[in-house]
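Working notes for the structure below.
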Amino acid sequence: MILPALAEAESPFWRPIKYSLFPPLGLATLAAYLSPDDEIDLQDQHVEDLNLTDSPDLVIIQVYITNAYRAYQIADHYKKKGAYVLLGGLHVTSLPEEAALHADTIFLGPGEETFPQFLKDFKNKSAKKVYSSSIRTLEKIPPIRRDLIKRNRYLVPNSIVVTRGCPHHCDFCYKDAFFEGGRTFYTQTVDDALAEIDRLPGRHLYFLDDHLLGNAKFASELFEGMRGMNRVFQGAATVDSILRGNLIEKAAEAGLRSLFVGFETFSPANLKQSNKKQNLEKDYVKAVNRLHSLGIMINGSFVFGLDEDDKDVFKRTVDWGVNNSLTTSTYHVLTPYPGTKLFKDMEQQGRILTRNWDLYDTRNVVYKTINLTSDELKNGYNWAYKEFYSWPNILKASLNQDSHKHKLKHFFYSGGWKKFEPVWNFMIKTKNLNGMLPLLESILSKVKTQDKVATSSQDMISNKQLELITQSNDNIW
Ligand code: SF4
């Protein structure tokens, strides 16, 4: 089982931390359907050199858009050696004809139903060319083969997914293409999800679900069950789900300490164009304040290059993030992934400029822009990252937090993420990344109520300390 990396993640000199965050859960999930007697080697090229000298009976490769060419090369290599090659994943589902040229069998959509069927057929030498998922359920799925994961290579080995898909339908999102032909959002049973959490060692969890609060009943029962488990966790949810009811309070009580939120754009026209209805007329600042009042750090996601964006969008977006104390920001150049409605629309309008999938990495401009030139978009995107993660802005955003502990947490989380790449690189190289987990857990641990009521003198000391750290770091970096 192989998860190929895009070229950048394979450099012998430099390993960005973002490629060593999460283990290949999808493949480990499929591995659970193999027999305990089967000999399995799960390789993740993001964190290890691939061994391609073996001669397996079956090769299973997960393909996403920016690893597609690498995946096809590996597939061709094994086909020449006489192995049976199976390709699956987002990109295969979006472009089955392209992927089929490199595989004996392709998988479309999620594999929980089709992979066991394939295994039966494969053993009977009657495997089909295409397996397409239609029945969507997570009931009775076997426990993920986490024993195949090299935990010490990842910062977040305890990543977990308890739902599939998302209830929304944004035009730029892969989700609808992947889940076409069946349910597009479904959950595990709460008991199964809690049992999976219970199997994970340590305190920290990262829910990789597209929308952890997407099914309010499920999420509410999950958080009830997690109370008292002494976990700290991170996840993702939409603006409207943060503002609605009291689910977010329940999440905080269960240990939620940081949330990825898709703000994407401030323009109602852009939101309408993207079919991101769940953000329309929602008070972003209110959502941010609610999260901060619960001690939840925010990773805000923003897209640049939607048709209404102008030259000011970059500064507007960075300033808003800093003034509202987002801990981290993730910026993307709008990318029309094949299979999405956005791609189809742009293709019809003759706006797709390249089909080199390596460039579909949300850092390059692959389509004809409207109000911005391609250079303005690319340069603005680069500027936004640099500006948001400048020391003065990290300091400013940290100082906007209400207590001295939150200021420090914000400062170290945000600074640590972008400013200490050489340290991350060293930990990755020495295969000790997992040793940083206690530090992450302590940054994410709950601020006690008495800590929140900081005196003004404590705040002044804290502000002064942060300024001094910033000045000394400016000298280093
Ligand atoms: S809310 Fe997020 S996961 Fe859901 S469809 Fe939109 S972009 Fe995709």
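Here, A, B, ... name the chains of the structure tokens in the order displayed, residue numbers run from 1 inside each chain, and ligands are numbered from 1 in the same displayed order.
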
Notebook entry, point to check: Counting only C-alpha atoms, what is within 9 Å of Ala384 (chain A), bar same-chain residues fewer than 2 positions away, as a ChimeraX atom specification?
Noted result: /A:314-315,317-318,331,379-382,386-389

Deliver the residues from the most recent selection as a file, using C-alpha atoms, as a compact mmCIF listing (two decimals), in the first residue's frame.
# COMPACT_ATOMS: atom_id res chain seq x y z
CA PHE A 314 -5.02 40.40 0.23
CA LYS A 315 -4.53 43.27 2.68
CA THR A 317 -7.96 39.49 4.51
CA VAL A 318 -4.65 39.65 6.39
CA TYR A 331 -4.51 30.91 2.16
CA ASN A 379 2.13 37.77 -5.73
CA GLY A 380 -0.76 38.77 -3.49
CA TYR A 381 -1.06 35.22 -2.22
CA ASN A 382 2.67 35.09 -1.40
CA LYS A 386 4.53 36.56 4.54
CA GLU A 387 2.58 39.41 6.06
CA PHE A 388 0.28 37.35 8.29
CA TYR A 389 3.24 35.42 9.70

Note to self: Residues within 10 Å of region 120-127 of chain A, please, as a list in words. Count only C-alpha atoms; anything in the same chain fewer than 6 positions from it doesn't count.
What the structure shows: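 My list of contacting residues is Leu58, Tyr84, Asp104 and Thr105 of chain A.
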
Any chance you could tabulate, as JSON lines, the residues of chain A at most 9 Å from ligand 1 with each one's nearest atom pair and distance in Å to one decimal, using only C-alpha atoms and all ligand atoms, in chain and rising number order?
{"residue": "A:Gly165", "atom": "CA", "partner": "ligand 1", "partner_atom_place_in_ligand_line": "3 (S)", "distance": 6.8}
{"residue": "A:Cys166", "atom": "CA", "partner": "ligand 1", "partner_atom_place_in_ligand_line": "4 (Fe)", "distance": 4.6}
{"residue": "A:Pro167", "atom": "CA", "partner": "ligand 1", "partner_atom_place_in_ligand_line": "4 (Fe)", "distance": 6.3}
{"residue": "A:His168", "atom": "CA", "partner": "ligand 1", "partner_atom_place_in_ligand_line": "5 (S)", "distance": 4.4}
{"residue": "A:His169", "atom": "CA", "partner": "ligand 1", "partner_atom_place_in_ligand_line": "5 (S)", "distance": 4.2}
{"residue": "A:Cys170", "atom": "CA", "partner": "ligand 1", "partner_atom_place_in_ligand_line": "6 (Fe)", "distance": 4.2}
{"residue": "A:Asp171", "atom": "CA", "partner": "ligand 1", "partner_atom_place_in_ligand_line": "5 (S)", "distance": 7.5}
{"residue": "A:Phe172", "atom": "CA", "partner": "ligand 1", "partner_atom_place_in_ligand_line": "7 (S)", "distance": 6.9}
{"residue": "A:Cys173", "atom": "CA", "partner": "ligand 1", "partner_atom_place_in_ligand_line": "8 (Fe)", "distance": 4.5}
{"residue": "A:Tyr174", "atom": "CA", "partner": "ligand 1", "partner_atom_place_in_ligand_line": "8 (Fe)", "distance": 6.7}
{"residue": "A:Lys175", "atom": "CA", "partner": "ligand 1", "partner_atom_place_in_ligand_line": "8 (Fe)", "distance": 5.7}
{"residue": "A:Asp176", "atom": "CA", "partner": "ligand 1", "partner_atom_place_in_ligand_line": "5 (S)", "distance": 7.3}
{"residue": "A:Asp209", "atom": "CA", "partner": "ligand 1", "partner_atom_place_in_ligand_line": "3 (S)", "distance": 8.4}
{"residue": "A:Asp210", "atom": "CA", "partner": "ligand 1", "partner_atom_place_in_ligand_line": "3 (S)", "distance": 4.7}
{"residue": "A:His211", "atom": "CA", "partner": "ligand 1", "partner_atom_place_in_ligand_line": "3 (S)", "distance": 6.3}
{"residue": "A:Gly214", "atom": "CA", "partner": "ligand 1", "partner_atom_place_in_ligand_line": "4 (Fe)", "distance": 8.7}
{"residue": "A:Ala236", "atom": "CA", "partner": "ligand 1", "partner_atom_place_in_ligand_line": "2 (Fe)", "distance": 8.7}
{"residue": "A:Ala237", "atom": "CA", "partner": "ligand 1", "partner_atom_place_in_ligand_line": "1 (S)", "distance": 7.7}
{"residue": "A:Thr238", "atom": "CA", "partner": "ligand 1", "partner_atom_place_in_ligand_line": "1 (S)", "distance": 6.2}
{"residue": "A:Val261", "atom": "CA", "partner": "ligand 1", "partner_atom_place_in_ligand_line": "2 (Fe)", "distance": 8.8}
{"residue": "A:Gly262", "atom": "CA", "partner": "ligand 1", "partner_atom_place_in_ligand_line": "2 (Fe)", "distance": 6.6}
{"residue": "A:Glu264", "atom": "CA", "partner": "ligand 1", "partner_atom_place_in_ligand_line": "7 (S)", "distance": 8.9}
{"residue": "A:Ser274", "atom": "CA", "partner": "ligand 1", "partner_atom_place_in_ligand_line": "6 (Fe)", "distance": 8.9}
{"residue": "A:Asn275", "atom": "CA", "partner": "ligand 1", "partner_atom_place_in_ligand_line": "6 (Fe)", "distance": 8.4}
{"residue": "A:Lys276", "atom": "CA", "partner": "ligand 1", "partner_atom_place_in_ligand_line": "6 (Fe)", "distance": 6.4}
{"residue": "A:Gln278", "atom": "CA", "partner": "ligand 1", "partner_atom_place_in_ligand_line": "1 (S)", "distance": 7.7}

Note to self: Residues within 8 Å of Leu194 (chain A), please, as a PyMOL selection string. Count only C-alpha atoms; anything in the same chain fewer than 5 positions from it doesn't count.
What the structure shows: chain A and resi 222+225-226

Note to self: I'd like to know which of A:Thr66, A:Asn324, A:Ser94, A:Gln43 is closest to Asp361 (chain A), using only C-alpha atoms.
What the structure shows: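 Once distances to Asp361 (chain A) are computed over only C-alpha atoms, the minimum belongs to A:Thr66.
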
Checklist line | Atomic separation - CA of Val156 (chain A) relative to CA of Asp358 (chain A), Å | finding: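 Distance reported for this atom pair: 25.9 Å.
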
Item checked: All residues 10 Å or closer to Arg70 (chain A), only C-alpha atoms, same chain fewer than 5 positions away omitted, as a PyMOL selection string -> chain A and resi 3-7+63+75-76+358

Next item on the list: Considering only C-alpha atoms, return as a PyMOL selection string whatever protein or nucleic-acid residues lie within 12 Å of Asp375 (chain A), sequence-local ones (same chain, fewer than 4 positions apart) excluded.
Entry: chain A and resi 305+311+333+363-369+371+379-383

Using C-alpha atoms, can you export the residues from the last selection as a compact mmCIF listing (two decimals), in the first residue's frame?
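Result written to selection25.txt:
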# COMPACT_ATOMS: atom_id res chain seq x y z
CA GLY A 305 -8.93 34.69 -6.93
CA LYS A 311 -6.19 44.10 -5.58
CA VAL A 333 -5.21 30.38 -4.77
CA ARG A 363 -0.32 27.99 -4.90
CA ASN A 364 -0.33 28.42 -8.68
CA VAL A 365 -2.84 30.13 -10.96
CA VAL A 366 -4.18 27.57 -13.44
CA TYR A 367 -7.15 29.49 -14.84
CA LYS A 368 -7.93 32.81 -16.54
CA THR A 369 -8.58 35.37 -13.79
CA ASN A 371 -10.43 41.28 -11.87
CA ASN A 379 2.13 37.77 -5.73
CA GLY A 380 -0.76 38.77 -3.49
CA TYR A 381 -1.06 35.22 -2.22
CA ASN A 382 2.67 35.09 -1.40
CA TRP A 383 2.50 38.53 0.22

Check: How would you write, as a ChimeraX atom specification, the set of residues in region 277-414 of chain A that DSSP gives as alpha helix (DSSP H)?
Finding: /A:284-293,313-323,341-348,374-388,391-399,404-414

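With distances restricted to only C-alpha atoms, A:Leu359 is the closest residue to Ala68 (chain A) from A:Leu119, A:Leu359, A:Met346, A:Met1.
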
Notebook entry, point to check: If we count only C-alpha atoms, what is near Ile61 (chain A) at a cut-off of 12 Å, once residues fewer than 4 positions away on the same chain are taken out, given as a PyMOL selection string?
Noted result: chain A and resi 1-5+24+26-28+30+41-45+67-76+78+84-92+99+102-107
